[in-house]
>>> print(open('coords.txt').read())   # compact mmCIF, C-alpha atoms
# COMPACT_ATOMS: atom_id res chain seq x y z
CA MET A 1 14.28 104.07 7.47
CA SER A 2 13.99 107.27 5.47
CA VAL A 3 11.72 107.24 2.43
CA ALA A 4 12.05 109.86 -0.31
CA ASN A 5 9.32 112.35 -0.95
CA ILE A 6 7.34 111.13 -3.98
CA PRO A 7 4.13 112.83 -5.18
CA GLN A 8 1.25 110.47 -4.31
CA ARG A 9 -0.02 110.34 -7.89
CA LEU A 10 3.41 109.26 -9.17
CA LYS A 11 3.89 106.78 -6.33
CA SER A 12 0.53 105.14 -7.06
CA ARG A 13 1.36 104.86 -10.76
CA LEU A 14 4.75 103.28 -10.02
CA GLN A 15 3.17 100.79 -7.62
CA ARG A 16 0.41 99.81 -10.08
CA ASN A 17 2.85 99.23 -12.96
CA PRO A 18 6.12 97.94 -11.43
CA ASN A 19 7.57 96.74 -14.76
CA THR A 20 6.93 99.99 -16.62
CA VAL A 21 10.04 101.86 -17.71
CA VAL A 22 10.02 105.40 -16.35
CA ARG A 23 12.23 108.47 -16.55
CA LEU A 24 12.65 110.24 -13.25
CA ILE A 25 14.62 112.99 -11.56
CA VAL A 26 16.11 111.76 -8.30
CA ARG A 27 17.09 114.63 -5.99
CA LEU A 28 19.89 113.73 -3.63
CA LYS A 29 21.05 114.90 -0.23
CA ASP A 30 24.68 114.86 -1.36
CA ASP A 31 26.88 115.02 -4.46
CA PRO A 32 25.27 113.28 -7.45
CA GLY A 33 28.62 112.23 -8.87
CA SER A 34 29.31 110.12 -5.80
CA ARG A 35 25.99 108.27 -6.18
CA VAL A 36 26.06 107.22 -9.85
CA ALA A 37 27.30 103.68 -9.08
CA ASP A 38 24.73 103.33 -6.27
CA VAL A 39 21.89 104.28 -8.61
CA GLN A 40 23.19 101.94 -11.32
CA GLY A 41 23.27 99.19 -8.70
CA TYR A 42 19.46 99.26 -8.77
CA GLY A 43 19.53 98.49 -12.49
CA LEU A 44 18.72 102.08 -13.43
CA ILE A 45 20.37 103.95 -16.28
CA VAL A 46 21.86 107.31 -15.30
CA ARG A 47 20.92 109.66 -18.13
CA HIS A 48 22.40 112.82 -16.64
CA THR A 49 23.78 114.26 -13.41
CA TYR A 50 22.92 117.77 -12.25
CA SER A 51 25.23 119.53 -9.83
CA LEU A 52 23.25 122.76 -9.51
CA ILE A 53 20.21 120.95 -8.08
CA SER A 54 22.06 117.85 -6.76
CA ALA A 55 20.07 115.37 -8.82
CA ILE A 56 20.34 112.48 -11.25
CA ALA A 57 18.08 111.79 -14.24
CA THR A 58 17.31 108.07 -14.40
CA GLU A 59 15.58 105.57 -16.63
CA GLY A 60 14.47 102.14 -15.47
CA THR A 61 11.67 100.10 -14.01
CA ALA A 62 9.15 101.56 -11.62
CA SER A 63 9.95 98.87 -9.04
CA ALA A 64 13.68 99.70 -9.08
CA SER A 65 12.84 103.39 -8.71
CA LEU A 66 10.62 102.71 -5.70
CA ALA A 67 13.37 100.62 -4.10
CA LEU A 68 15.83 103.47 -4.65
CA ALA A 69 13.45 105.83 -2.83
CA ALA A 70 14.18 104.02 0.45
CA GLU A 71 17.84 105.06 0.40
CA PRO A 72 18.60 107.64 3.10
CA TRP A 73 20.60 109.77 0.65
CA VAL A 74 17.59 110.21 -1.70
CA ASP A 75 15.63 113.37 -0.95
CA SER A 76 12.81 113.18 -3.52
CA ILE A 77 11.75 111.60 -6.78
CA GLU A 78 9.71 113.27 -9.50
CA GLU A 79 8.83 112.69 -13.13
CA ASP A 80 11.35 113.80 -15.72
CA MET A 81 9.19 115.88 -18.03
CA GLN A 82 9.92 118.29 -20.86
CA VAL A 83 9.97 121.93 -19.86
CA HIS A 84 9.07 124.65 -22.32
CA THR A 85 9.92 128.32 -22.13
CA MET A 86 7.62 131.06 -23.26
>>> encode(input="coords.txt", output="structure tokens")
Amino acid sequence: MSVANIPQRLKSRLQRNPNTVVRLIVRLKDDPGSRVADVQGYGLIVRHTYSLISAIATEGTASASLALAAEPWVDSIEEDMQVHTM
């Protein structure tokens, strides 16, 4: 079984607080539009799809996000954070 690449610090936080609602970027190995229903099947809200980086922005429980990470079509999971330009 393939497990997505998740930074250890994030993975530990998700495991410690499984009921916490988190916003994440899920990078996919294929087209994000074809995976929206699959992601929603985990009880996650799809906030946005990105075609340029083949990713989906999600919101939902930490436990659902960790379960999603085991899907073979998920490449990596990272925190969805604000980015500022200079």
>>> residues_around(input="coords.txt", residues="Val26 of chain A", least_positions_apart="3", cutoff="10 Å", atoms="all atoms listed in the file", output="list in words")
Ala4, Ile6, Arg23, Lys29, Pro32, Val39, Thr49, Tyr50, Ser54, Ala55, Ile56, Ala57, Thr58, Ser65, Leu68, Ala69, Val74, Asp75, Ser76, Ile77, Glu78, Glu79 and Asp80 of chain A
>>> closest_residue(input="coords.txt", among="A:Leu14, A:Ala67, A:Ile53, A:Val3", to="Asp30 of chain A", atoms="all atoms listed in the file")
A:Ile53
>>> atom_distance(input="coords.txt", atom1="atom CA of Asn17 of chain A", atom2="atom CA of Leu44 of chain A")
16.1 Å
>>> atom_distance(input="coords.txt", atom1="atom CA of Asp38 of chain A", atom2="atom CA of Thr20 of chain A")
20.9 Å
>>> residues_near_point(input="coords.txt", point="(15.5, 97.9, -8.2)", cutoff="6 Å", atoms="only C-alpha atoms", output="MDAnalysis selection string")
chainID A and resid 42:43 63:64 67
>>> write_last_selection(input="coords.txt", atoms="C-alpha atoms", output="mmCIF file, keeping the file's coordinate frame")
data_model
loop_
_atom_site.group_PDB
_atom_site.id
_atom_site.type_symbol
_atom_site.label_atom_id
_atom_site.label_comp_id
_atom_site.auth_asym_id
_atom_site.auth_seq_id
_atom_site.Cartn_x
_atom_site.Cartn_y
_atom_site.Cartn_z
ATOM 1 C CA TYR A 42 19.460 99.260 -8.770
ATOM 2 C CA GLY A 43 19.530 98.490 -12.490
ATOM 3 C CA SER A 63 9.950 98.870 -9.040
ATOM 4 C CA ALA A 64 13.680 99.700 -9.080
ATOM 5 C CA ALA A 67 13.370 100.620 -4.100
#
>>> axis_aligned_box(input="coords.txt", around="segment 30-47 of chain A", padding_each_side="3 Å", output="lines of an AutoDock Vina configuration file")
center_x = 24.0
center_y = 106.8
center_z = -9.7
size_x = 16.6
size_y = 22.5
size_z = 22.8
>>> closest_residue(input="coords.txt", among="A:Val22, A:Leu28, A:Met81, A:Met86", to="Ser51 of chain A", atoms="only C-alpha atoms")
A:Leu28
>>> build_atoms(input="coords.txt", residues="segment 42-55 of chain A", atoms="N, CA and C atoms", output="PDB file, in the frame of the given file")
ATOM      1  N   TYR A  42      20.887  99.617  -8.762  1.00  0.00           N
ATOM      2  CA  TYR A  42      19.460  99.260  -8.770  1.00  0.00           C
ATOM      3  C   TYR A  42      18.980  98.876 -10.163  1.00  0.00           C
ATOM      4  N   GLY A  43      19.897  98.839 -11.126  1.00  0.00           N
ATOM      5  CA  GLY A  43      19.530  98.490 -12.490  1.00  0.00           C
ATOM      6  C   GLY A  43      18.999  99.677 -13.275  1.00  0.00           C
ATOM      7  N   LEU A  44      19.183 100.873 -12.753  1.00  0.00           N
ATOM      8  CA  LEU A  44      18.720 102.080 -13.430  1.00  0.00           C
ATOM      9  C   LEU A  44      19.822 102.653 -14.300  1.00  0.00           C
ATOM     10  N   ILE A  45      19.435 103.257 -15.393  1.00  0.00           N
ATOM     11  CA  ILE A  45      20.370 103.950 -16.280  1.00  0.00           C
ATOM     12  C   ILE A  45      20.452 105.392 -15.813  1.00  0.00           C
ATOM     13  N   VAL A  46      21.664 105.901 -15.641  1.00  0.00           N
ATOM     14  CA  VAL A  46      21.860 107.310 -15.300  1.00  0.00           C
ATOM     15  C   VAL A  46      21.972 108.078 -16.607  1.00  0.00           C
ATOM     16  N   ARG A  47      20.965 108.898 -16.881  1.00  0.00           N
ATOM     17  CA  ARG A  47      20.920 109.660 -18.130  1.00  0.00           C
ATOM     18  C   ARG A  47      21.689 110.965 -18.025  1.00  0.00           C
ATOM     19  N   HIS A  48      21.715 111.536 -16.826  1.00  0.00           N
ATOM     20  CA  HIS A  48      22.400 112.820 -16.640  1.00  0.00           C
ATOM     21  C   HIS A  48      22.579 113.082 -15.145  1.00  0.00           C
ATOM     22  N   THR A  49      23.631 113.794 -14.791  1.00  0.00           N
ATOM     23  CA  THR A  49      23.780 114.260 -13.410  1.00  0.00           C
ATOM     24  C   THR A  49      23.711 115.782 -13.416  1.00  0.00           C
ATOM     25  N   TYR A  50      23.090 116.319 -12.397  1.00  0.00           N
ATOM     26  CA  TYR A  50      22.920 117.770 -12.250  1.00  0.00           C
ATOM     27  C   TYR A  50      23.590 118.194 -10.950  1.00  0.00           C
ATOM     28  N   SER A  51      24.565 119.075 -11.045  1.00  0.00           N
ATOM     29  CA  SER A  51      25.230 119.530  -9.830  1.00  0.00           C
ATOM     30  C   SER A  51      24.522 120.729  -9.212  1.00  0.00           C
ATOM     31  N   LEU A  52      23.911 121.562 -10.025  1.00  0.00           N
ATOM     32  CA  LEU A  52      23.250 122.760  -9.510  1.00  0.00           C
ATOM     33  C   LEU A  52      22.089 122.415  -8.581  1.00  0.00           C
ATOM     34  N   ILE A  53      21.338 121.348  -8.913  1.00  0.00           N
ATOM     35  CA  ILE A  53      20.210 120.950  -8.080  1.00  0.00           C
ATOM     36  C   ILE A  53      20.469 119.632  -7.342  1.00  0.00           C
ATOM     37  N   SER A  54      21.679 119.111  -7.399  1.00  0.00           N
ATOM     38  CA  SER A  54      22.060 117.850  -6.760  1.00  0.00           C
ATOM     39  C   SER A  54      21.052 116.741  -7.083  1.00  0.00           C
ATOM     40  N   ALA A  55      21.041 116.361  -8.362  1.00  0.00           N
ATOM     41  CA  ALA A  55      20.070 115.370  -8.820  1.00  0.00           C
ATOM     42  C   ALA A  55      20.652 114.521  -9.943  1.00  0.00           C
TER      43      ALA A  55
END
